[in-house]
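Visitor: The structure that follows is given in the form of structure tokens.
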Amino acid sequence: MRSGRTLLVVSIITRAGVVLLLCFLALLTNYHNLKQAYNNPRLVELSEGRPMRVFYEKTDALFSAFGDPAEEAQKNGGMTWSIRIGGIPFTDPVAALSVLVKSHRWELGFGLGLIIPLSLALLFGRVFCAYVCPASLLFFTISRIRRLVAKFFWLPECSLHRGFCWGILAGGLITALWIGHGVWTLALPYFALGQTLFHGIAYGGISFSLGSLVVFGLLDLMMGRQFTCRYVCPTGRLLGAIGSRSVFALRHQAGDCVDTCTSCIDVCPMKVQPKFDETRDCSMCGECLTICPTRCLSIGLRKPLSKVDSISCHE
Ligand code: SF4
Ligand code: SF4
Ligand code: SF4
């Protein structure tokens with residue numbers, strides 16, 4: 001695959017789809033409540049008004065296509081870090097670790113939900129970040145705003161040690177032992193976004209997780225492009241480590257590369273250096289493929305371990 005533009009468009013569409021899915025799942029809470037309380041469109045209209053009746057009827061019709069609407073609706077739901085879609089569970093690896101540390105037991109449903117995210121990482125590396133994570137769409141937008149602002153004002157490009165995320169993961173796990181899993185709204189941007197959407201749509205209120213989102217957004221705007229993803233979010237670091245030897249990866253044809261060019265390094269939001277065959281933390285977003293003047297970057301089966309990778313794997 002050489003078309004970075006196609007990858008970029010696909011990544012925007014899939015992430016927007018995930019945001020819409022989260023909104024739908026939040027609305028589903030209202031449907032569950034209406035089903036339990038009234039189980040009748042006319043009663044829903046009398047009690048909640050006409051728009052709710054329309055919503056109730058449409059959702060009912062949607063799930064009726066698959067079977068009993070109440071049962072089918074039950075197969076879908078959850079929050080960003082543990083979701084069921086059509087009965088198939090998806091679990092965030094950090095959530096699984098957090099539950100394991102806190103409850104000291106491994107729940108089968110939670111464990112099964114790890115199969116798809118971990119398989120994705122083992123096959124394609126950190127693609128979750130570019131194609132699934134709803135928060136990354138926010139950071140993608142902020143990076144465009146930052147680029148625009150940087151034309152008029154100087155903005156710093158700060159960096160931290162990559163291991164900082166591991167510290168946040170360890171600190172979050174320890175804190176979760178004391179105050180519960182809610183601590184992850186302070187460290188996981190997609191969790192904060194999911195909570196914010198859920199509270200806004202299901203309860204019509206503002207969650208304190210909105211404050212976390214604002215902080216993450218400001219970090220990205222003021223400290224550096226996708227600063228939060230590179231130095232704060234432990235999920236990205238974890239998936240990057242799991243997928244560090246993924247089956248598919250970014251490939252670089254050194255023979256076609258221009259010695260004086262550094263465009264791929266400059267444009268990469270994750271600060272990967274494709275020019276030097278580095279692939280760790282690559283989310284396959286496609287930005288470097290779009291900008292490469294000689295089209296010497298592509299995505300395909302991973303090349304045998306290079307010297308740079310072997311060094312960076314031991315960092
Ligand atoms: S690093 Fe975290 S917040 Fe950023 S894109 Fe990946 S999972 Fe989402
Ligand atoms: S190296 Fe960077 S810009 Fe290129 S695909 Fe990977 S994450 Fe995107
Ligand atoms: S953008 Fe292309 S030509 Fe330029 S350094 Fe990167 S791989 Fe080489």
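As shown in the structure tokens, the chain order sets the letters A, B, ...; within each chain, residues go from 1, and ligands are also counted from 1 in the order they appear.
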Name each residue within 6 Å of ligand 3, counting only C-alpha atoms and all ligand atoms, as JSON, numbers by chain.

Guide: {"A": [257, 258, 261, 262, 263, 264, 275, 292, 293, 294, 296, 297]}

Visitor: Excluding same-chain residues fewer than 2 positions from region 109-113 of chain A, what lies within 8 Å of it counting only C-alpha atoms, as a list in words?

Guide: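 In the requested format, the answer is Ser82, Ile88, Pro89, Phe90, Thr91, Asp92, Ala96, Trp106, Glu107, Ile115, Ile116 and Pro117 of chain A.
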
Visitor: Ligand 1: which residues are within 8 Å, counting only C-alpha atoms and all ligand atoms? Reply as a ChimeraX atom specification.

Guide: /A:126,128-130,132-137,139,188-190,226,228-230,232-237

Visitor: Could you produce a table of the residues of chain A lying within 8 Å of ligand 2, with the nearest pair of atoms per residue and their separation in Å rounded to one decimal, using only C-alpha atoms and all ligand atoms, ordered by chain and increasing residue number, as JSON lines?

Guide:
{"residue": "A:Gly4", "atom": "CA", "partner": "ligand 2", "partner_atom_place_in_ligand_line": "5 (S)", "distance": 7.8}
{"residue": "A:Leu250", "atom": "CA", "partner": "ligand 2", "partner_atom_place_in_ligand_line": "6 (Fe)", "distance": 6.6}
{"residue": "A:Cys264", "atom": "CA", "partner": "ligand 2", "partner_atom_place_in_ligand_line": "3 (S)", "distance": 6.4}
{"residue": "A:Ile265", "atom": "CA", "partner": "ligand 2", "partner_atom_place_in_ligand_line": "2 (Fe)", "distance": 7.4}
{"residue": "A:Val267", "atom": "CA", "partner": "ligand 2", "partner_atom_place_in_ligand_line": "3 (S)", "distance": 6.1}
{"residue": "A:Cys268", "atom": "CA", "partner": "ligand 2", "partner_atom_place_in_ligand_line": "3 (S)", "distance": 3.7}
{"residue": "A:Pro269", "atom": "CA", "partner": "ligand 2", "partner_atom_place_in_ligand_line": "2 (Fe)", "distance": 5.8}
{"residue": "A:Met270", "atom": "CA", "partner": "ligand 2", "partner_atom_place_in_ligand_line": "7 (S)", "distance": 5.3}
{"residue": "A:Lys271", "atom": "CA", "partner": "ligand 2", "partner_atom_place_in_ligand_line": "2 (Fe)", "distance": 6.4}
{"residue": "A:Val272", "atom": "CA", "partner": "ligand 2", "partner_atom_place_in_ligand_line": "1 (S)", "distance": 5.0}
{"residue": "A:Gln273", "atom": "CA", "partner": "ligand 2", "partner_atom_place_in_ligand_line": "1 (S)", "distance": 6.3}
{"residue": "A:Pro274", "atom": "CA", "partner": "ligand 2", "partner_atom_place_in_ligand_line": "1 (S)", "distance": 5.4}
{"residue": "A:Glu278", "atom": "CA", "partner": "ligand 2", "partner_atom_place_in_ligand_line": "1 (S)", "distance": 7.8}
{"residue": "A:Thr279", "atom": "CA", "partner": "ligand 2", "partner_atom_place_in_ligand_line": "1 (S)", "distance": 6.5}
{"residue": "A:Asp281", "atom": "CA", "partner": "ligand 2", "partner_atom_place_in_ligand_line": "7 (S)", "distance": 6.8}
{"residue": "A:Cys282", "atom": "CA", "partner": "ligand 2", "partner_atom_place_in_ligand_line": "6 (Fe)", "distance": 3.7}
{"residue": "A:Ser283", "atom": "CA", "partner": "ligand 2", "partner_atom_place_in_ligand_line": "7 (S)", "distance": 4.4}
{"residue": "A:Met284", "atom": "CA", "partner": "ligand 2", "partner_atom_place_in_ligand_line": "5 (S)", "distance": 3.7}
{"residue": "A:Cys285", "atom": "CA", "partner": "ligand 2", "partner_atom_place_in_ligand_line": "8 (Fe)", "distance": 4.0}
{"residue": "A:Gly286", "atom": "CA", "partner": "ligand 2", "partner_atom_place_in_ligand_line": "5 (S)", "distance": 4.2}
{"residue": "A:Glu287", "atom": "CA", "partner": "ligand 2", "partner_atom_place_in_ligand_line": "3 (S)", "distance": 4.3}
{"residue": "A:Cys288", "atom": "CA", "partner": "ligand 2", "partner_atom_place_in_ligand_line": "4 (Fe)", "distance": 4.2}
{"residue": "A:Leu289", "atom": "CA", "partner": "ligand 2", "partner_atom_place_in_ligand_line": "4 (Fe)", "distance": 6.3}

Visitor: Just want the 10 Å neighbourhood of Lys35 (chain A), counted on only C-alpha atoms, with same-chain residues fewer than 2 positions away dropped. Output as a VMD selection string.

Guide: chain A and resid 29 to 33 37 to 41 44 56 60 69 to 70

Visitor: Could you list, as a PDB file with N, CA and C atoms, in the first residue's frame, every residue within 8 Å of region 168-174 of chain A, counting only C-alpha atoms and ignoring same-chain residues fewer than 2 positions away?

Guide:
ATOM      1  N   VAL A  94      -5.503  -1.726  28.899  1.00  0.00           N
ATOM      2  CA  VAL A  94      -5.266  -1.061  30.186  1.00  0.00           C
ATOM      3  C   VAL A  94      -6.413  -1.367  31.150  1.00  0.00           C
ATOM      4  N   LEU A  97      -5.888  -4.807  32.544  1.00  0.00           N
ATOM      5  CA  LEU A  97      -4.847  -4.789  33.583  1.00  0.00           C
ATOM      6  C   LEU A  97      -5.387  -4.206  34.882  1.00  0.00           C
ATOM      7  N   SER A  98      -6.147  -3.122  34.731  1.00  0.00           N
ATOM      8  CA  SER A  98      -6.673  -2.428  35.901  1.00  0.00           C
ATOM      9  C   SER A  98      -7.617  -3.335  36.688  1.00  0.00           C
ATOM     10  N   VAL A 101      -5.573  -6.126  38.407  1.00  0.00           N
ATOM     11  CA  VAL A 101      -4.844  -5.658  39.592  1.00  0.00           C
ATOM     12  C   VAL A 101      -5.797  -5.418  40.758  1.00  0.00           C
ATOM     13  N   PHE A 164       7.910   7.706  30.140  1.00  0.00           N
ATOM     14  CA  PHE A 164       6.989   8.444  31.009  1.00  0.00           C
ATOM     15  C   PHE A 164       5.614   7.762  31.029  1.00  0.00           C
ATOM     16  N   CYS A 165       5.189   7.255  29.867  1.00  0.00           N
ATOM     17  CA  CYS A 165       3.883   6.572  29.775  1.00  0.00           C
ATOM     18  C   CYS A 165       3.831   5.344  30.670  1.00  0.00           C
ATOM     19  N   TRP A 166       4.977   4.625  30.757  1.00  0.00           N
ATOM     20  CA  TRP A 166       4.994   3.439  31.636  1.00  0.00           C
ATOM     21  C   TRP A 166       4.792   3.860  33.082  1.00  0.00           C
ATOM     22  N   ALA A 176      -5.660   3.129  40.978  1.00  0.00           N
ATOM     23  CA  ALA A 176      -6.947   2.442  40.780  1.00  0.00           C
ATOM     24  C   ALA A 176      -7.260   1.508  41.949  1.00  0.00           C
ATOM     25  N   LEU A 177      -6.202   1.003  42.583  1.00  0.00           N
ATOM     26  CA  LEU A 177      -6.405   0.139  43.749  1.00  0.00           C
ATOM     27  C   LEU A 177      -7.106   0.884  44.881  1.00  0.00           C
ATOM     28  N   TRP A 178      -6.793   2.195  44.975  1.00  0.00           N
ATOM     29  CA  TRP A 178      -7.321   2.985  46.094  1.00  0.00           C
ATOM     30  C   TRP A 178      -8.620   3.677  45.744  1.00  0.00           C
ATOM     31  N   VAL A 183     -10.018   6.686  37.898  1.00  0.00           N
ATOM     32  CA  VAL A 183      -8.764   7.418  37.748  1.00  0.00           C
ATOM     33  C   VAL A 183      -8.322   7.463  36.275  1.00  0.00           C
ATOM     34  N   TRP A 184      -8.790   6.501  35.502  1.00  0.00           N
ATOM     35  CA  TRP A 184      -8.331   6.444  34.098  1.00  0.00           C
ATOM     36  C   TRP A 184      -8.877   7.573  33.241  1.00  0.00           C
ATOM     37  N   ALA A 187      -6.030   9.758  32.726  1.00  0.00           N
ATOM     38  CA  ALA A 187      -4.844   9.304  31.994  1.00  0.00           C
ATOM     39  C   ALA A 187      -5.155   8.764  30.604  1.00  0.00           C
ATOM     40  N   VAL A 232       1.818  10.691  27.239  1.00  0.00           N
ATOM     41  CA  VAL A 232       0.900  10.559  28.374  1.00  0.00           C
ATOM     42  C   VAL A 232       0.112   9.249  28.328  1.00  0.00           C
ATOM     43  N   CYS A 233      -0.520   8.977  27.204  1.00  0.00           N
ATOM     44  CA  CYS A 233      -1.460   7.843  27.144  1.00  0.00           C
ATOM     45  C   CYS A 233      -0.735   6.496  27.236  1.00  0.00           C
ATOM     46  N   PRO A 234      -0.993   5.710  28.283  1.00  0.00           N
ATOM     47  CA  PRO A 234      -0.301   4.420  28.408  1.00  0.00           C
ATOM     48  C   PRO A 234      -0.772   3.375  27.402  1.00  0.00           C
TER      49      PRO A 234
END

Visitor: Running DSSP on the backbone, which parts of region 47-118 of chain A land in strand (DSSP E), as a list in words?

Guide: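 Checking each residue of region 47-118 of chain A, the strand (DSSP E) ones are Gly77, Gly78, Met79, Ser82, Ile83, Arg84, Ile85, Ile88, Pro89, Phe90 and Thr91 of chain A.
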
Visitor: Using only C-alpha atoms, which protein or nucleic acid residues come within 12 Å of region 13-21 of chain A? Drop anything in the same chain fewer than 3 positions from it, and give the result as a PyMOL selection string.

Guide: chain A and resi 6-10+24-28+76-80+83-85+127-141+190-191+193-198+201+285

Visitor: Give me a file of those residues, with C-alpha atoms, as a PDB file, in the first residue's frame.

Guide:
ATOM      1  CA  THR A   6      -6.293   6.798   1.040  1.00  0.00           C
ATOM      2  CA  LEU A   7      -5.039   5.731   4.475  1.00  0.00           C
ATOM      3  CA  LEU A   8      -5.634   9.225   5.843  1.00  0.00           C
ATOM      4  CA  VAL A   9      -9.192   9.345   4.503  1.00  0.00           C
ATOM      5  CA  VAL A  10      -9.946   5.827   5.767  1.00  0.00           C
ATOM      6  CA  PHE A  24     -25.322   5.594  19.585  1.00  0.00           C
ATOM      7  CA  LEU A  25     -24.330   3.428  22.550  1.00  0.00           C
ATOM      8  CA  ALA A  26     -25.009   6.351  24.882  1.00  0.00           C
ATOM      9  CA  LEU A  27     -28.435   6.795  23.275  1.00  0.00           C
ATOM     10  CA  LEU A  28     -29.011   3.085  23.750  1.00  0.00           C
ATOM     11  CA  ASN A  76     -24.629  -3.924  22.400  1.00  0.00           C
ATOM     12  CA  GLY A  77     -23.397  -1.452  24.937  1.00  0.00           C
ATOM     13  CA  GLY A  78     -20.669  -0.496  27.344  1.00  0.00           C
ATOM     14  CA  MET A  79     -18.152   2.269  27.692  1.00  0.00           C
ATOM     15  CA  THR A  80     -15.089   3.072  25.629  1.00  0.00           C
ATOM     16  CA  ILE A  83     -17.808  -2.506  24.569  1.00  0.00           C
ATOM     17  CA  ARG A  84     -19.988  -5.217  23.076  1.00  0.00           C
ATOM     18  CA  ILE A  85     -21.081  -4.875  19.478  1.00  0.00           C
ATOM     19  CA  VAL A 127      -3.052   1.041  14.243  1.00  0.00           C
ATOM     20  CA  PHE A 128      -5.626   1.398  17.025  1.00  0.00           C
ATOM     21  CA  CYS A 129      -4.302   4.934  17.472  1.00  0.00           C
ATOM     22  CA  ALA A 130      -4.899   6.022  13.881  1.00  0.00           C
ATOM     23  CA  TYR A 131      -8.006   4.031  12.960  1.00  0.00           C
ATOM     24  CA  VAL A 132     -10.017   3.319  16.106  1.00  0.00           C
ATOM     25  CA  CYS A 133      -9.233   5.672  18.972  1.00  0.00           C
ATOM     26  CA  PRO A 134     -11.932   8.366  19.018  1.00  0.00           C
ATOM     27  CA  ALA A 135      -9.692  10.748  20.976  1.00  0.00           C
ATOM     28  CA  SER A 136      -7.075  10.708  18.241  1.00  0.00           C
ATOM     29  CA  LEU A 137      -9.565  12.405  15.932  1.00  0.00           C
ATOM     30  CA  LEU A 138      -9.621  15.250  18.440  1.00  0.00           C
ATOM     31  CA  PHE A 139      -5.817  15.352  18.578  1.00  0.00           C
ATOM     32  CA  PHE A 140      -5.631  15.147  14.784  1.00  0.00           C
ATOM     33  CA  THR A 141      -7.850  18.250  14.606  1.00  0.00           C
ATOM     34  CA  TYR A 190     -10.437   8.073  24.836  1.00  0.00           C
ATOM     35  CA  PHE A 191     -11.936   7.089  28.176  1.00  0.00           C
ATOM     36  CA  LEU A 193     -13.992  11.379  25.638  1.00  0.00           C
ATOM     37  CA  GLY A 194     -16.299   8.363  26.029  1.00  0.00           C
ATOM     38  CA  GLN A 195     -17.377   9.513  29.494  1.00  0.00           C
ATOM     39  CA  THR A 196     -17.989  13.045  28.268  1.00  0.00           C
ATOM     40  CA  LEU A 197     -20.138  11.839  25.367  1.00  0.00           C
ATOM     41  CA  PHE A 198     -21.990   9.360  27.563  1.00  0.00           C
ATOM     42  CA  ILE A 201     -26.088  12.244  25.654  1.00  0.00           C
ATOM     43  CA  CYS A 285      -1.631   6.932   9.606  1.00  0.00           C
TER      44      CYS A 285
END

Visitor: Considering only C-alpha atoms, can you say which of A:Gly224, A:Gly217, A:Gly211, A:Gly87 comes closest to Leu160 (chain A)?

Guide: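 Smallest distance to Leu160 (chain A) is found for A:Gly224.
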
Visitor: Considering only C-alpha atoms, can you say which of A:Gly180, A:Trp81, A:Glu72, A:Arg302 comes closest to Ala192 (chain A)?

Guide: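 Between A:Gly180, A:Trp81, A:Glu72, A:Arg302, the residue approaching Ala192 (chain A) most closely is A:Trp81.
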
Visitor: Give me every helix (DSSP H, G or I) residue in region 35-197 of chain A, going by DSSP on the backbone, as JSON, numbers by chain.

Guide: {"A": [35, 36, 37, 41, 42, 43, 44, 45, 46, 47, 48, 50, 51, 52, 53, 54, 55, 56, 57, 58, 59, 60, 61, 62, 63, 64, 69, 70, 71, 72, 73, 74, 93, 94, 95, 96, 97, 98, 99, 100, 101, 102, 103, 108, 109, 110, 111, 112, 115, 116, 117, 118, 119, 120, 121, 122, 123, 124, 127, 128, 129, 130, 131, 134, 135, 136, 137, 138, 139, 140, 141, 142, 143, 144, 145, 146, 147, 148, 149, 164, 165, 166, 167, 168, 169, 170, 171, 172, 173, 174, 175, 176, 177, 178, 179, 181, 182, 183, 184, 185, 186, 189, 190, 191, 192, 193, 194, 195, 196, 197]}

Visitor: Between CA of Ser159 (chain A) and CA of Ile291 (chain A), what is the distance, to one decimal in Å?

Guide: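 A separation of 23.5 Å between them.
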
Visitor: Nearest to Leu221 (chain A): which of A:Leu186, A:Ala254, A:Ile299, A:Ile142 is it, counting only C-alpha atoms?

Guide: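 That would be A:Ile142, the residue with the smallest distance to Leu221 (chain A).
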
Visitor: Could you jot down the CA of Leu123 (chain A) to CA of Arg251 (chain A) separation for me, Å, one decimal place?

Guide: 14.6 Å

Visitor: So which one's closest to Ala121 (chain A), A:Arg105, A:Arg42, A:Lys303, A:Arg245? Using only C-alpha atoms, please.

Guide: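 Checking each candidate against Ala121 (chain A), we get A:Arg245 as the closest.
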